[in-house]
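Everything below belongs to structure-v6.cif, which stores mmCIF, C-alpha atoms and all ligand atoms.
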data_final
#
loop_
_atom_site.label_atom_id
_atom_site.label_comp_id
_atom_site.auth_asym_id
_atom_site.auth_seq_id
_atom_site.Cartn_x
_atom_site.Cartn_y
_atom_site.Cartn_z
CA MET M 1 27.50 187.48 193.67
CA SER M 2 29.17 186.28 190.44
CA ARG M 3 32.25 188.09 189.15
CA GLU M 4 33.24 188.95 185.62
CA GLN M 5 37.01 189.33 185.42
CA MET M 6 39.70 189.80 182.82
CA ARG M 7 43.45 189.42 183.07
CA ILE M 8 45.93 192.13 182.22
CA LEU M 9 49.53 190.85 182.15
CA GLY M 10 48.19 187.88 184.11
CA ILE M 11 46.73 190.06 186.89
CA PRO M 12 42.94 189.78 187.43
CA VAL M 13 40.74 192.87 187.15
CA ASP M 14 36.98 193.00 187.70
CA ARG M 15 34.93 194.18 184.72
CA LEU M 16 32.85 196.59 186.75
CA ASP M 17 31.31 199.99 186.27
CA MET M 18 30.64 202.32 189.22
CA GLU M 19 27.12 200.98 189.75
CA GLY M 20 28.33 197.37 189.84
CA ALA M 21 31.22 198.22 192.15
CA LEU M 22 28.87 199.97 194.59
CA ALA M 23 26.39 197.08 194.54
CA ARG M 24 29.25 194.73 195.38
CA PHE M 25 30.42 197.04 198.15
CA GLU M 26 26.92 197.07 199.63
CA SER M 27 26.89 193.28 199.65
CA PHE M 28 30.18 193.39 201.60
CA LEU M 29 28.59 195.69 204.19
CA ASN M 30 25.78 193.19 204.62
CA GLY M 31 28.23 190.31 205.06
CA GLU M 32 30.29 189.10 207.97
CA ASP M 33 33.93 188.82 206.91
CA CYS M 34 36.44 191.52 206.06
CA ARG M 35 36.37 191.96 202.28
CA ILE M 36 39.45 193.38 200.58
CA ILE M 37 39.18 195.93 197.76
CA VAL M 38 42.20 196.84 195.66
CA THR M 39 42.39 199.58 193.02
CA PRO M 40 45.34 198.77 190.74
CA ASN M 41 46.67 201.20 188.16
CA SER M 42 49.32 200.38 185.53
CA GLU M 43 52.17 200.86 188.00
CA ILE M 44 50.62 198.43 190.49
CA VAL M 45 49.86 195.82 187.80
CA LEU M 46 53.45 196.11 186.54
CA ASN M 47 54.76 195.71 190.10
CA ALA M 48 52.51 192.71 190.66
CA THR M 49 54.04 190.94 187.64
CA LYS M 50 57.38 191.13 189.48
CA ASP M 51 56.13 190.66 193.05
CA PRO M 52 54.38 187.31 193.66
CA GLY M 53 53.23 188.44 197.12
CA LEU M 54 51.39 191.44 195.68
CA ALA M 55 50.03 189.32 192.80
CA GLU M 56 48.59 186.84 195.31
CA ILE M 57 46.89 189.61 197.29
CA ILE M 58 45.23 190.94 194.10
CA GLU M 59 44.31 187.38 193.11
CA ARG M 60 42.58 186.83 196.45
CA ALA M 61 41.03 190.30 196.75
CA ASP M 62 37.22 190.40 196.84
CA MET M 63 37.05 193.30 194.40
CA VAL M 64 39.69 194.57 191.95
CA ILE M 65 38.70 197.98 190.61
CA PRO M 66 40.47 199.13 187.43
CA ASP M 67 41.88 202.51 188.45
CA GLY M 68 44.00 204.38 185.95
CA ILE M 69 43.61 205.10 182.27
CA GLY M 70 46.41 202.62 181.47
CA LEU M 71 44.16 199.70 182.36
CA VAL M 72 41.41 200.99 180.10
CA HIS M 73 43.88 201.32 177.20
CA ALA M 74 45.24 197.84 177.97
CA SER M 75 41.75 196.29 177.94
CA LYS M 76 41.21 197.78 174.45
CA ILE M 77 44.55 196.44 173.21
CA ILE M 78 43.56 193.00 174.54
CA GLY M 79 40.25 193.36 172.69
CA LYS M 80 38.00 193.25 175.77
CA PRO M 81 37.34 196.90 176.57
CA LEU M 82 36.48 197.58 180.20
CA LYS M 83 33.02 199.10 180.70
CA GLU M 84 34.41 202.32 182.12
CA ARG M 85 37.23 203.63 184.20
CA VAL M 86 36.29 203.63 187.89
CA THR M 87 38.89 205.65 189.76
CA GLY M 88 39.79 204.67 193.31
CA VAL M 89 39.11 208.19 194.52
CA ASP M 90 35.63 208.36 192.94
CA PHE M 91 34.69 204.86 194.08
CA SER M 92 35.90 205.42 197.66
CA TYR M 93 33.96 208.67 197.88
CA ALA M 94 30.80 207.04 196.52
CA ALA M 95 31.27 204.08 198.88
CA LEU M 96 31.54 206.50 201.82
CA GLY M 97 28.33 208.14 200.57
CA LEU M 98 26.58 204.79 200.62
CA LEU M 99 27.95 204.09 204.10
CA ALA M 100 26.75 207.53 205.25
CA GLU M 101 23.19 206.73 204.12
CA ARG M 102 23.26 203.76 206.51
CA GLY M 103 24.82 205.79 209.33
CA GLY M 104 27.94 203.58 209.08
CA SER M 105 31.43 204.34 210.31
CA ALA M 106 34.83 204.50 208.66
CA TYR M 107 38.40 204.36 209.97
CA PHE M 108 41.04 206.39 208.14
CA LEU M 109 44.57 204.96 208.27
CA GLY M 110 47.46 206.57 206.44
CA ALA M 111 49.14 209.68 205.05
CA LYS M 112 51.23 212.19 207.00
CA PRO M 113 50.24 213.17 210.57
CA GLY M 114 47.04 215.24 210.69
CA ILE M 115 45.99 214.52 207.09
CA ALA M 116 43.62 211.63 207.84
CA GLU M 117 41.83 213.76 210.48
CA LYS M 118 41.48 216.65 208.03
CA ALA M 119 40.17 214.36 205.28
CA ALA M 120 37.70 212.69 207.69
CA GLU M 121 36.44 216.05 208.92
CA LYS M 122 35.80 217.28 205.38
CA LEU M 123 34.14 214.01 204.35
CA CYS M 124 31.87 213.94 207.41
CA GLY M 125 30.85 217.53 206.58
CA GLN M 126 30.02 216.57 202.99
CA LEU M 127 28.35 213.21 203.69
CA PRO M 128 25.78 213.59 206.49
CA GLY M 129 25.35 210.38 208.47
CA LEU M 130 28.97 209.29 208.04
CA VAL M 131 30.64 208.47 211.36
CA CYS M 132 34.41 208.71 211.75
CA ALA M 133 35.43 205.76 213.94
CA GLY M 134 39.07 206.81 214.10
CA CYS M 135 42.15 208.13 212.32
CA ARG M 136 45.85 207.36 212.36
CA ASP M 137 48.78 208.52 210.29
CA GLY M 138 50.63 206.08 208.05
CA TYR M 139 54.13 206.41 209.44
CA PHE M 140 54.62 203.56 211.88
CA LYS M 141 57.05 200.71 212.46
CA PRO M 142 56.18 197.16 211.32
CA GLU M 143 56.09 196.06 214.98
CA GLN M 144 53.23 198.53 215.63
CA GLU M 145 50.95 196.92 213.04
CA GLU M 146 49.26 194.48 215.44
CA GLU M 147 48.43 197.28 217.85
CA ILE M 148 47.02 199.40 214.99
CA ALA M 149 44.88 196.48 213.78
CA GLU M 150 43.56 196.10 217.34
CA GLU M 151 42.83 199.83 217.52
CA ILE M 152 40.80 199.54 214.30
CA ARG M 153 38.89 196.53 215.64
CA SER M 154 38.02 198.23 218.91
CA SER M 155 36.88 201.36 217.03
CA GLY M 156 34.00 199.23 215.69
CA ALA M 157 34.42 200.71 212.18
CA ASP M 158 32.46 199.16 209.30
CA PHE M 159 34.85 200.31 206.58
CA LEU M 160 38.63 200.81 206.62
CA LEU M 161 40.42 203.12 204.21
CA VAL M 162 44.17 202.54 204.01
CA ALA M 163 46.34 205.24 202.45
CA LEU M 164 49.88 203.89 202.74
CA GLY M 165 50.76 203.72 199.04
CA SER M 166 51.18 200.41 197.20
CA PRO M 167 52.17 197.69 198.09
CA LYS M 168 52.22 198.69 201.79
CA GLN M 169 48.46 199.26 201.95
CA GLU M 170 47.61 195.96 200.23
CA ARG M 171 50.01 194.05 202.49
CA PHE M 172 48.57 195.66 205.64
CA MET M 173 44.95 194.85 204.71
CA TYR M 174 45.76 191.32 203.69
CA ALA M 175 47.99 190.49 206.67
CA HIS M 176 45.46 191.74 209.24
CA ARG M 177 42.16 190.97 207.51
CA GLU M 178 41.16 188.43 210.18
CA SER M 179 41.62 190.85 213.07
CA LEU M 180 40.42 194.21 211.68
CA GLY M 181 36.76 193.56 212.47
CA VAL M 182 35.58 195.71 209.51
CA LYS M 183 33.23 194.60 206.71
CA ALA M 184 35.44 196.03 203.96
CA ALA M 185 38.91 197.52 203.59
CA ILE M 186 40.25 199.44 200.60
CA GLY M 187 43.70 200.72 199.59
CA VAL M 188 43.30 204.35 198.56
CA GLY M 189 46.85 205.61 197.79
CA GLY M 190 46.95 209.40 197.88
CA CYS M 191 43.18 209.97 198.42
CA PHE M 192 43.52 211.46 201.93
CA ASP M 193 45.91 214.07 200.52
CA VAL M 194 43.25 215.01 197.95
CA TRP M 195 40.25 214.95 200.35
CA SER M 196 42.11 216.95 202.98
CA GLY M 197 42.90 219.60 200.37
CA THR M 198 46.67 219.01 200.74
CA LEU M 199 46.99 217.89 197.13
CA GLU M 200 44.86 219.31 194.35
CA ARG M 201 42.92 216.80 192.26
CA ALA M 202 43.46 216.99 188.50
CA PRO M 203 41.00 219.44 186.89
CA GLU M 204 38.25 218.06 184.67
CA PHE M 205 40.19 218.60 181.43
CA TYR M 206 43.02 216.31 182.60
CA ARG M 207 40.53 213.74 183.95
CA ASP M 208 38.44 213.70 180.77
CA HIS M 209 41.50 213.22 178.59
CA GLY M 210 43.15 210.52 180.69
CA LEU M 211 45.97 212.91 181.60
CA GLU M 212 45.83 212.76 185.41
CA TRP M 213 49.37 211.35 185.42
CA LEU M 214 50.55 214.55 183.68
CA PHE M 215 48.86 216.77 186.27
CA ARG M 216 50.35 214.76 189.15
CA LEU M 217 53.77 215.01 187.53
CA LYS M 218 53.36 218.79 187.41
CA GLN M 219 52.49 218.81 191.13
CA GLU M 220 55.14 216.30 192.17
CA PRO M 221 57.99 216.29 189.59
CA LYS M 222 59.83 213.63 191.58
CA ARG M 223 57.21 211.15 190.35
CA ILE M 224 58.86 211.10 186.91
CA GLY M 225 60.26 207.58 187.46
CA ARG M 226 56.83 206.29 188.52
CA THR M 227 55.08 207.99 185.60
CA ALA M 228 57.33 206.03 183.24
CA ALA M 229 55.48 202.90 184.40
CA LEU M 230 52.51 203.85 182.17
CA PRO M 231 54.24 203.65 178.73
CA LEU M 232 56.27 200.65 179.92
CA PHE M 233 53.07 198.91 180.99
CA LEU M 234 51.38 199.59 177.63
CA ILE M 235 54.41 198.32 175.71
CA LYS M 236 54.29 195.10 177.75
CA VAL M 237 50.57 194.72 177.06
CA LEU M 238 51.17 195.28 173.33
CA LEU M 239 53.86 192.60 173.35
CA HIS M 240 52.22 190.03 175.63
CA GLY M 241 48.75 191.25 176.42
CA ARG M 242 46.82 189.52 173.65
CA LYS M 243 47.35 186.23 175.42
CA ASP M 244 45.31 187.68 178.28
CA GLY M 245 41.64 188.47 178.32
CA ASP M 246 38.76 186.75 180.04
CA LYS M 247 39.58 184.14 182.62
N1 LIG V 301 52.26 206.97 202.99
C1 LIG V 301 52.10 206.56 204.30
N2 LIG V 301 53.06 205.79 204.88
C2 LIG V 301 54.17 205.40 204.21
C3 LIG V 301 54.32 205.80 202.85
C4 LIG V 301 53.34 206.57 202.27
O1 LIG V 301 51.11 206.89 204.94
O2 LIG V 301 55.00 204.71 204.80
C5 LIG V 301 51.21 207.78 202.38
C6 LIG V 301 51.64 209.08 201.74
O3 LIG V 301 51.74 210.09 202.72
C7 LIG V 301 50.50 209.31 200.76
C8 LIG V 301 50.00 207.90 200.45
O4 LIG V 301 50.68 207.05 201.33
O5 LIG V 301 49.46 210.00 201.40
C9 LIG V 301 50.24 207.31 199.09
O6 LIG V 301 50.90 208.07 198.25
P1 LIG V 301 51.19 207.69 196.75
O7 LIG V 301 51.41 208.95 196.05
O8 LIG V 301 52.26 206.66 196.70
O9 LIG V 301 49.84 206.99 196.30
P2 LIG V 301 49.23 206.70 194.87
O10 LIG V 301 47.99 207.55 194.82
O11 LIG V 301 50.23 207.01 193.82
O12 LIG V 301 48.92 205.24 194.96
#
The structure given in the file should be rewritten as structure tokens.
Amino acid sequence: MSREQMRILGIPVDRLDMEGALARFESFLNGEDCRIIVTPNSEIVLNATKDPGLAEIIERADMVIPDGIGLVHASKIIGKPLKERVTGVDFSYAALGLLAERGGSAYFLGAKPGIAEKAAEKLCGQLPGLVCAGCRDGYFKPEQEEEIAEEIRSSGADFLLVALGSPKQERFMYAHRESLGVKAAIGVGGCFDVWSGTLERAPEFYRDHGLEWLFRLKQEPKRIGRTAALPLFLIKVLLHGRKDGDK
């Protein structure tokens, strides 16, 4: 399947809408290898410009979904507006819906103890046909990673959702892609917290106006430093971004 990409601060992003992203996901499910899906927002793109390891993972990812309003603004500044904003949380939910229709199974790795189980239980209730292959919290030592990858493989899951925050989740998927045994793996940040009902998702008004960052700041004021990544990112794009664009 051919890919249409653009570069934002040198980092590749797929020019996909939800329909295109789901079609690509379905092709991954029909394939053999473990395909990696990343969902960068402005903070992750900014980090990738300073972290060659993260930049390489995004470069080699099989699908790069533009999450975050910052990327949509950036694409307009560059003069190549993205088709639409596809949030990681909406895409992951829709992908699980597609998996459910096929009676496929998902493994939920990440978040605080008990959260992945709660999220999986709610999702399986909402998406009939979805099978939960396993769950594990995201607080483990680096030396436990191999054992966790093996646990995922032996669960027989088709799809792996990794909620460890960035860049931990991207590094985990990339480092273990050969041994996970899944058809696709995605980094989902704080999605388990939202699906489990632990964290409230931004109401429609905030979502429609690209103000999710403001709502999250209200819920978690300690994110103030991270929220500052958005204006910083846009300033960088204004200064350097016009050199970017289509590959
Ligand atoms: N997390 C984890 N292990 C860690 C660090 C974080 O499982 O070592 C989880 C954390 O509990 C949260 C998720 O990773 O559920 C990501 O949170 P964050 O707010 O950073 O994600 P974002 O949505 O901003 O990418």
Padding 4 Å on every side, please: axis-aligned box over the listed atoms of ligand LIG 301 (chain V), centre and edge lengths to one decimal in Å, as AutoDock Vina command-line options.
--center_x 51.5 --center_y 207.4 --center_z 199.4 --size_x 15.0 --size_y 13.4 --size_z 19.1
Revision key, fill the gap. A straight line from CA of Glu147 (chain M) to CA of Leu123 (chain M) spans 25.8 Å
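One finds CA of Ala74 (chain M) at 12.9 Å from CA of Arg15 (chain M).
Residues of protein, DNA or RNA lying at most 6 Å from ligand LIG 301 (chain V), when all atoms listed in the file are considered, are Gly110, Ala111, Lys112, Gly138, Tyr139, Ala163, Leu164, Gly165, Ser166, Gly189, Gly190 and Asp193 of chain M.
The residue that comes closest to Trp195 (chain M), out of M:Val89, M:Val38, M:Leu230, M:Leu130 and on the basis of only C-alpha atoms, is M:Val89.
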Practice item. Could you give me, as a PyMOL selection string, the residues that sit within 10 Å of (39.0, 213.8, 201.0) in the file's coordinates, counting all atoms listed in the file? Key: chain M and resi 89+92-93+115-124+126+190-199
Practice item. Would you list the contacts of Ile37 (chain M) as a ChimeraX atom specification, taking every protein, DNA or RNA residue within 7 Å and counting only C-alpha atoms, but skipping same-chain residues closer than 6 positions in sequence? Key: /M:61-64,185-187
Selection to disk with C-alpha atoms, as a PDB file, in the coordinates of the input:
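File written: part30.pdb
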ATOM      1  CA  ALA M  61      41.030 190.300 196.750  1.00  0.00           C
ATOM      2  CA  ASP M  62      37.220 190.400 196.840  1.00  0.00           C
ATOM      3  CA  MET M  63      37.050 193.300 194.400  1.00  0.00           C
ATOM      4  CA  VAL M  64      39.690 194.570 191.950  1.00  0.00           C
ATOM      5  CA  ALA M 185      38.910 197.520 203.590  1.00  0.00           C
ATOM      6  CA  ILE M 186      40.250 199.440 200.600  1.00  0.00           C
ATOM      7  CA  GLY M 187      43.700 200.720 199.590  1.00  0.00           C
TER       8      GLY M 187
END
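The closest residue to Gln169 (chain M), picked from M:Ala23, M:Leu16, M:Ile148, M:Val188 and counting all atoms listed in the file, is M:Val188.
Summary of the local environment: counting only C-alpha atoms, residues at most 9 Å from Ala157 (chain M), other than itself and those fewer than 3 positions away along its chain, are Gly104, Ser105, Ala106, Tyr107, Val131, Cys132, Ala133, Gly134, Ile152, Arg153, Ser154, Leu160, Leu180, Gly181, Val182 and Lys183 of chain M.
For the choices M:Thr49, M:Asn41, M:Ser179, M:Gln5, the atom-to-atom distance to Val72 (chain M) is smallest for M:Asn41 when using all atoms listed in the file.
The residue that comes closest to Glu101 (chain M), out of M:Leu211, M:Ile77, M:Leu127, M:Ile36 and on the basis of only C-alpha atoms, is M:Leu127.
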Check your understanding: What lies within 9 Å of Phe172 (chain M) using only C-alpha atoms, ignoring chain neighbours under 6 positions off, as an MDAnalysis selection string?
Key -> chainID M and resid 145 149 162 164
Check your understanding: Near Gln219 (chain M), within 10 Å and counting only C-alpha atoms, which residues show up once chain neighbours fewer than 5 positions away are dropped, as a ChimeraX atom specification?
Key -> /M:199-202,213-214
Exercise for review: With a distance cut-off of 8 Å and all atoms listed in the file, select the neighbouring residues of Leu46 (chain M), excluding the residue or stretch itself and same-chain residues fewer than 5 positions from it, and output the selection as JSON, numbers by chain.
Suggested key: {"M": [9, 229, 233]}
Practice item. Would you please work out which residue, of M:Glu150, M:Glu59, M:Asp14, M:Asp208, is nearest to Leu82 (chain M) when using all atoms listed in the file? Key: M:Asp14
**Study point:** Two-atom distance - CA of Pro66 (chain M), CA of Ser27 (chain M) (Å)
**Key:** 19.2 Å
Study note, to complete from the structure: Counting all atoms listed in the file, the residue among M:Gly156, M:Ala100, M:Met6, M:Thr227 that lies closest to Glu212 (chain M) is M:Thr227
